Amino acid sequence: MSKVTSGLEVVADLPALAQAALARLTACALESVRLRGRFTIALSGGSTPRALYQLLAQHPELPWQHMELCFGDERAVPPQHPESNARMVHEALTHCSFVPAERVHRIRAELPAREAAADYQHTLQTLFGHETDLPRFDLVLLGLGPDGHTASLFPYTQALSESRLWVTAHQVEARPRPRERRVMTQHSERITLTFPVLNNARELLFLVSGVEKAQAVRAVLEGNAEISAIPARGIRPSTGQLHFLADRPAASLLTR
Ligand code: 6PG
C-alpha cells in the first residue's frame, strides 16, 4: 500500500481534535452497545488524548456500564508513577464515580514487564473469550510519536514482528519529547498490544496534534518507508476502518 487509506480529518487545534474525537467515540460506543450490547475500547496514552478523556468525564449519560475501557499500551511503572498511562487516564476520566471500576482494565505494569504482558493477555482473553484467536476491539485509539511509533511499537524493535502474542513487553530507548510533561526515564520498558490485535479492530482512530508530529504524519500518510522505520504504517486494519484525526500544525507538511 503506497499510503495509508484512511479517513483523514484535519481540525484547527487540540481542543477541536478532542471534540471531533469525542463525537466519533460517542457514535462508535452507542452503535456498538446497540448492536452487541457492549463497547470495547483500547485507550491510547501520552499527552494528546488527555483532553478527550477530560471531555468524556463531562458525559455521565454515556452507557458506561456497558463500556470496557482497556489500554493499548503502558509504561513499565506502577499506576501512581507520573509516566503511567493508567494514572493519566484516572486523573482525566476514570476517577469519575459514573465509570464502574470493574469496567477499567489497566495493564498491571507494577509487575515485571513480561509478567504484566502475560497478565494483560489473560485479562483480554477473559474479556473477549478464551476461544477467540484474536480480540476485536470496537475502537482503538492511537497516538503517533515524532519517530513514527504508535502504541509502544517503536522503530526497529522486536515487538513489531510479534505475530502470535496479543500483548508483549520490550525495552525501548526513552527520549524526552517536546510536549512530554512527564520526563521519561533514561531507559524505558513498555508493554503493548501487538499489530495482530490492533489490526483486528473494527475501528482505529489516530489522534495527532502539534507541529512536532508533522514529519511523522507525512511519513505515515504519504510516505513509503518500511514499517520497521515508521511503525504507524503497520496499522492496516484487516476489515476495520482507519481514521486519522490531526490538527492543522500536525498536518502542515501534507502535500494533498
Ligand atoms: C504512550 C503512547 C504513545 C503516544 C505517542 C504520542 O504510552 O506514550 O502510547 O504511543 O501515543 O508517543 O504521545 P503524545 O500524545 O504525548 O505526543
# chains A, B, ... in the order shown; residues from 1 in each chain; ligands from 1

$ residues_around --residues "His105 (chain A)" --least-positions-apart "3" --cutoff "9 Å" --atoms "only C-alpha atoms" --output "list in words"
Glu68, Leu69, Cys70, Phe71, Ala101, Glu102, Arg108, Tyr120, Thr123 and Leu124 of chain A

$ residues_around --residues "region 78-94 of chain A" --least-positions-apart "4" --cutoff "12 Å" --atoms "only C-alpha atoms" --output "ChimeraX atom specification"
/A:42-60,64,67-74,98-113,116,151-152,174,176,180-185,188-192

$ closest_residue --among "A:Asn199, A:Thr150, A:Gln125, A:Thr194" --to "ligand 1" --atoms "only C-alpha atoms and all ligand atoms"
A:Thr150

$ residues_around --residues "Cys28 (chain A)" --least-positions-apart "2" --cutoff "8 Å" --atoms "only C-alpha atoms" --output "PDB file with N, CA and C atoms, in the first residue's frame"
ATOM      1  N   ARG A  24     -16.729  11.068  17.439  1.00  0.00           N
ATOM      2  CA  ARG A  24     -16.519   9.765  16.796  1.00  0.00           C
ATOM      3  C   ARG A  24     -16.583   8.627  17.817  1.00  0.00           C
ATOM      4  N   LEU A  25     -15.994   8.836  18.967  1.00  0.00           N
ATOM      5  CA  LEU A  25     -16.006   7.793  20.011  1.00  0.00           C
ATOM      6  C   LEU A  25     -17.427   7.554  20.496  1.00  0.00           C
ATOM      7  N   THR A  26     -18.167   8.635  20.695  1.00  0.00           N
ATOM      8  CA  THR A  26     -19.554   8.504  21.169  1.00  0.00           C
ATOM      9  C   THR A  26     -20.399   7.730  20.163  1.00  0.00           C
ATOM     10  N   LEU A  30     -22.145   4.104  21.049  1.00  0.00           N
ATOM     11  CA  LEU A  30     -23.608   3.900  21.012  1.00  0.00           C
ATOM     12  C   LEU A  30     -23.981   2.816  20.005  1.00  0.00           C
ATOM     13  N   GLU A  31     -23.283   2.811  18.867  1.00  0.00           N
ATOM     14  CA  GLU A  31     -23.583   1.797  17.836  1.00  0.00           C
ATOM     15  C   GLU A  31     -23.172   0.412  18.323  1.00  0.00           C
ATOM     16  N   SER A  32     -22.007   0.342  18.981  1.00  0.00           N
ATOM     17  CA  SER A  32     -21.515  -0.965  19.476  1.00  0.00           C
ATOM     18  C   SER A  32     -22.466  -1.520  20.532  1.00  0.00           C
ATOM     19  N   PHE A  39     -19.321  -2.007  24.445  1.00  0.00           N
ATOM     20  CA  PHE A  39     -18.357  -1.227  23.650  1.00  0.00           C
ATOM     21  C   PHE A  39     -16.981  -1.485  24.254  1.00  0.00           C
ATOM     22  N   ASP A 138     -13.863  -2.728  19.513  1.00  0.00           N
ATOM     23  CA  ASP A 138     -14.751  -1.872  18.722  1.00  0.00           C
ATOM     24  C   ASP A 138     -14.010  -0.610  18.279  1.00  0.00           C
ATOM     25  N   LEU A 139     -13.136  -0.119  19.160  1.00  0.00           N
ATOM     26  CA  LEU A 139     -12.382   1.087  18.813  1.00  0.00           C
ATOM     27  C   LEU A 139     -11.002   1.026  19.476  1.00  0.00           C
TER      28      LEU A 139
END

$ closest_residue --among "A:Arg248, A:Lys213, A:Arg233, A:Arg114" --to "ligand 1" --atoms "only C-alpha atoms and all ligand atoms"
A:Lys213

$ select_by_dssp --residues "region 10-238 of chain A" --states "strand (DSSP E or B)" --output "mmCIF file with N, CA, C and O atoms, in the first residue's frame"
data_model
loop_
_atom_site.group_PDB
_atom_site.id
_atom_site.type_symbol
_atom_site.label_atom_id
_atom_site.label_comp_id
_atom_site.auth_asym_id
_atom_site.auth_seq_id
_atom_site.Cartn_x
_atom_site.Cartn_y
_atom_site.Cartn_z
ATOM 1 N N VAL A 10 -8.763 16.984 9.210
ATOM 2 C CA VAL A 10 -7.864 17.996 9.781
ATOM 3 C C VAL A 10 -8.706 19.037 10.498
ATOM 4 O O VAL A 10 -9.656 19.578 9.915
ATOM 5 N N VAL A 11 -8.373 19.297 11.735
ATOM 6 C CA VAL A 11 -9.116 20.292 12.526
ATOM 7 C C VAL A 11 -8.138 21.377 12.996
ATOM 8 O O VAL A 11 -6.921 21.234 12.843
ATOM 9 N N PHE A 39 -19.321 -2.007 24.445
ATOM 10 C CA PHE A 39 -18.357 -1.227 23.650
ATOM 11 C C PHE A 39 -16.981 -1.485 24.254
ATOM 12 O O PHE A 39 -16.770 -1.257 25.460
ATOM 13 N N THR A 40 -16.087 -2.044 23.433
ATOM 14 C CA THR A 40 -14.733 -2.305 23.940
ATOM 15 C C THR A 40 -13.771 -1.332 23.269
ATOM 16 O O THR A 40 -13.759 -1.190 22.047
ATOM 17 N N ILE A 41 -12.987 -0.653 24.073
ATOM 18 C CA ILE A 41 -12.057 0.355 23.542
ATOM 19 C C ILE A 41 -10.671 0.170 24.151
ATOM 20 O O ILE A 41 -10.541 -0.185 25.332
ATOM 21 N N ALA A 42 -9.659 0.379 23.323
ATOM 22 C CA ALA A 42 -8.275 0.410 23.819
ATOM 23 C C ALA A 42 -7.845 1.874 23.815
ATOM 24 O O ALA A 42 -7.798 2.515 22.760
ATOM 25 N N LEU A 43 -7.581 2.411 25.002
ATOM 26 C CA LEU A 43 -7.223 3.828 25.138
ATOM 27 C C LEU A 43 -5.745 4.027 24.819
ATOM 28 O O LEU A 43 -4.908 3.168 25.127
ATOM 29 N N MET A 67 -19.381 -0.215 28.852
ATOM 30 C CA MET A 67 -18.155 0.167 28.138
ATOM 31 C C MET A 67 -16.947 -0.429 28.842
ATOM 32 O O MET A 67 -16.721 -0.190 30.016
ATOM 33 N N GLU A 68 -16.183 -1.234 28.109
ATOM 34 C CA GLU A 68 -14.978 -1.875 28.667
ATOM 35 C C GLU A 68 -13.762 -1.047 28.258
ATOM 36 O O GLU A 68 -13.418 -0.972 27.076
ATOM 37 N N LEU A 69 -13.135 -0.398 29.235
ATOM 38 C CA LEU A 69 -12.010 0.510 28.965
ATOM 39 C C LEU A 69 -10.700 -0.242 29.168
ATOM 40 O O LEU A 69 -10.333 -0.581 30.280
ATOM 41 N N CYS A 70 -10.024 -0.501 28.059
ATOM 42 C CA CYS A 70 -8.725 -1.185 28.086
ATOM 43 C C CYS A 70 -7.647 -0.185 27.656
ATOM 44 O O CYS A 70 -7.934 0.973 27.356
ATOM 45 N N PHE A 71 -6.396 -0.663 27.632
ATOM 46 C CA PHE A 71 -5.272 0.210 27.276
ATOM 47 C C PHE A 71 -4.500 -0.385 26.108
ATOM 48 O O PHE A 71 -4.300 -1.612 26.047
ATOM 49 N N ASP A 73 -1.371 0.405 25.491
ATOM 50 C CA ASP A 73 -0.008 0.169 25.943
ATOM 51 C C ASP A 73 0.206 0.837 27.289
ATOM 52 O O ASP A 73 -0.659 1.557 27.783
ATOM 53 N N GLU A 74 1.358 0.555 27.882
ATOM 54 C CA GLU A 74 1.653 1.137 29.192
ATOM 55 C C GLU A 74 3.164 1.161 29.366
ATOM 56 O O GLU A 74 3.897 0.363 28.775
ATOM 57 N N ARG A 75 3.575 2.132 30.155
ATOM 58 C CA ARG A 75 4.993 2.144 30.530
ATOM 59 C C ARG A 75 5.145 1.180 31.702
ATOM 60 O O ARG A 75 4.224 0.977 32.483
ATOM 61 N N VAL A 104 -12.794 -0.872 34.036
ATOM 62 C CA VAL A 104 -11.484 -0.310 33.677
ATOM 63 C C VAL A 104 -10.450 -1.428 33.799
ATOM 64 O O VAL A 104 -10.274 -2.001 34.880
ATOM 65 N N LEU A 139 -13.136 -0.119 19.160
ATOM 66 C CA LEU A 139 -12.382 1.087 18.813
ATOM 67 C C LEU A 139 -11.002 1.026 19.476
ATOM 68 O O LEU A 139 -10.888 0.634 20.643
ATOM 69 N N VAL A 140 -9.995 1.391 18.712
ATOM 70 C CA VAL A 140 -8.635 1.523 19.261
ATOM 71 C C VAL A 140 -8.179 2.956 19.024
ATOM 72 O O VAL A 140 -8.198 3.438 17.881
ATOM 73 N N LEU A 141 -7.824 3.648 20.089
ATOM 74 C CA LEU A 141 -7.259 4.993 19.960
ATOM 75 C C LEU A 141 -5.747 4.846 19.852
ATOM 76 O O LEU A 141 -5.141 4.031 20.566
ATOM 77 N N LEU A 142 -5.158 5.635 18.975
ATOM 78 C CA LEU A 142 -3.704 5.572 18.775
ATOM 79 C C LEU A 142 -3.112 6.970 18.728
ATOM 80 O O LEU A 142 -3.725 7.901 18.182
ATOM 81 N N THR A 150 3.733 4.053 17.314
ATOM 82 C CA THR A 150 2.364 4.150 17.795
ATOM 83 C C THR A 150 2.158 3.087 18.851
ATOM 84 O O THR A 150 2.886 2.081 18.835
ATOM 85 N N LEU A 153 4.889 0.514 19.947
ATOM 86 C CA LEU A 153 5.562 -0.169 18.829
ATOM 87 C C LEU A 153 6.551 0.821 18.227
ATOM 88 O O LEU A 153 6.196 1.658 17.403
ATOM 89 N N VAL A 167 -0.154 -9.395 23.520
ATOM 90 C CA VAL A 167 0.488 -8.341 24.311
ATOM 91 C C VAL A 167 1.950 -8.726 24.482
ATOM 92 O O VAL A 167 2.256 -9.896 24.743
ATOM 93 N N THR A 168 2.834 -7.785 24.323
ATOM 94 C CA THR A 168 4.248 -8.087 24.501
ATOM 95 C C THR A 168 4.932 -6.982 25.294
ATOM 96 O O THR A 168 4.426 -5.851 25.377
ATOM 97 N N ALA A 169 6.079 -7.333 25.895
ATOM 98 C CA ALA A 169 6.848 -6.356 26.675
ATOM 99 C C ALA A 169 8.223 -6.243 26.054
ATOM 100 O O ALA A 169 8.779 -7.232 25.561
ATOM 101 N N HIS A 170 8.755 -5.051 26.015
ATOM 102 C CA HIS A 170 10.112 -4.895 25.481
ATOM 103 C C HIS A 170 10.722 -3.604 26.013
ATOM 104 O O HIS A 170 10.041 -2.744 26.554
ATOM 105 N N GLN A 171 12.024 -3.519 25.798
ATOM 106 C CA GLN A 171 12.785 -2.349 26.259
ATOM 107 C C GLN A 171 12.935 -1.385 25.093
ATOM 108 O O GLN A 171 13.265 -1.804 23.979
ATOM 109 N N VAL A 172 12.609 -0.115 25.313
ATOM 110 C CA VAL A 172 12.839 0.871 24.256
ATOM 111 C C VAL A 172 13.710 1.975 24.819
ATOM 112 O O VAL A 172 13.674 2.263 26.014
ATOM 113 N N GLU A 173 14.489 2.598 23.934
ATOM 114 C CA GLU A 173 15.269 3.710 24.445
ATOM 115 C C GLU A 173 14.311 4.886 24.586
ATOM 116 O O GLU A 173 13.513 5.191 23.704
ATOM 117 N N HIS A 187 16.003 4.748 30.583
ATOM 118 C CA HIS A 187 15.605 3.596 29.774
ATOM 119 C C HIS A 187 14.118 3.412 30.031
ATOM 120 O O HIS A 187 13.565 3.940 30.978
ATOM 121 N N SER A 188 13.489 2.708 29.133
ATOM 122 C CA SER A 188 12.052 2.580 29.322
ATOM 123 C C SER A 188 11.584 1.217 28.854
ATOM 124 O O SER A 188 11.857 0.820 27.716
ATOM 125 N N GLU A 189 10.960 0.471 29.761
ATOM 126 C CA GLU A 189 10.337 -0.796 29.348
ATOM 127 C C GLU A 189 8.877 -0.496 29.089
ATOM 128 O O GLU A 189 8.266 0.334 29.774
ATOM 129 N N ARG A 190 8.338 -1.117 28.069
ATOM 130 C CA ARG A 190 6.967 -0.871 27.666
ATOM 131 C C ARG A 190 6.212 -2.182 27.525
ATOM 132 O O ARG A 190 6.832 -3.228 27.244
ATOM 133 N N ILE A 191 4.907 -2.100 27.714
ATOM 134 C CA ILE A 191 4.011 -3.235 27.441
ATOM 135 C C ILE A 191 3.017 -2.736 26.391
ATOM 136 O O ILE A 191 2.501 -1.616 26.521
ATOM 137 N N THR A 192 2.796 -3.513 25.336
ATOM 138 C CA THR A 192 1.967 -3.003 24.243
ATOM 139 C C THR A 192 1.127 -4.091 23.587
ATOM 140 O O THR A 192 1.534 -5.259 23.537
ATOM 141 N N LEU A 193 -0.043 -3.670 23.070
ATOM 142 C CA LEU A 193 -0.777 -4.554 22.174
ATOM 143 C C LEU A 193 0.057 -4.695 20.910
ATOM 144 O O LEU A 193 0.808 -3.800 20.538
ATOM 145 N N GLU A 203 -12.548 -0.466 14.388
ATOM 146 C CA GLU A 203 -12.219 0.913 14.020
ATOM 147 C C GLU A 203 -10.975 1.336 14.779
ATOM 148 O O GLU A 203 -10.796 0.986 15.949
ATOM 149 N N LEU A 204 -10.115 2.063 14.070
ATOM 150 C CA LEU A 204 -8.919 2.641 14.709
ATOM 151 C C LEU A 204 -8.919 4.134 14.429
ATOM 152 O O LEU A 204 -9.272 4.565 13.333
ATOM 153 N N LEU A 205 -8.544 4.890 15.455
ATOM 154 C CA LEU A 205 -8.571 6.349 15.344
ATOM 155 C C LEU A 205 -7.257 6.917 15.864
ATOM 156 O O LEU A 205 -6.946 6.815 17.055
ATOM 157 N N PHE A 206 -6.462 7.481 14.920
ATOM 158 C CA PHE A 206 -5.252 8.194 15.310
ATOM 159 C C PHE A 206 -5.642 9.596 15.769
ATOM 160 O O PHE A 206 -6.437 10.266 15.096
ATOM 161 N N LEU A 207 -5.058 10.035 16.877
ATOM 162 C CA LEU A 207 -5.229 11.412 17.355
ATOM 163 C C LEU A 207 -3.842 12.032 17.388
ATOM 164 O O LEU A 207 -2.974 11.600 18.152
ATOM 165 N N VAL A 208 -3.624 13.043 16.514
ATOM 166 C CA VAL A 208 -2.273 13.611 16.391
ATOM 167 C C VAL A 208 -2.337 15.132 16.411
ATOM 168 O O VAL A 208 -3.081 15.741 15.642
#

$ closest_residue --among "A:Leu242, A:Leu221, A:Ala18, A:Ala118" --to "ligand 1" --atoms "only C-alpha atoms and all ligand atoms"
A:Ala18

$ residues_around --residues "Ser161 (chain A)" --least-positions-apart "3" --cutoff "9 Å" --atoms "only C-alpha atoms" --output "ChimeraX atom specification"
/A:157-158,194-195,228

$ closest_residue --among "A:Ser238, A:Gln65, A:Gln19, A:Gln121" --to "Arg164 (chain A)" --atoms "only C-alpha atoms"
A:Gln121

$ atom_distance --atom1 "atom 16 (O, counted along the ligand's line) of ligand 1" --atom2 "CA of Ala76 (chain A)"
16.2 Å

$ closest_residue --among "A:Gly37, A:Pro231, A:Gly7, A:Pro135" --to "ligand 1" --atoms "only C-alpha atoms and all ligand atoms"
A:Pro231

$ atom_distance --atom1 "CA of Leu35 (chain A)" --atom2 "CA of Ala20 (chain A)"
22.7 Å

$ residues_around --residues "Arg256 (chain A)" --least-positions-apart "2" --cutoff "12 Å" --atoms "only C-alpha atoms" --output "list in words"
Lys3, Leu8, Val10, Arg218, Leu221, Glu222, Ala251, Ser252, Leu253 and Leu254 of chain A

$ closest_residue --among "A:Ala246, A:Ala27, A:Leu62, A:Leu144" --to "ligand 1" --atoms "only C-alpha atoms and all ligand atoms"
A:Leu144

$ select_by_dssp --residues "region 34-242 of chain A" --states "alpha helix (DSSP H)" --output "PyMOL selection string"
chain A and resi 34-36+50-56+85-89+113-128+195-198+214-221
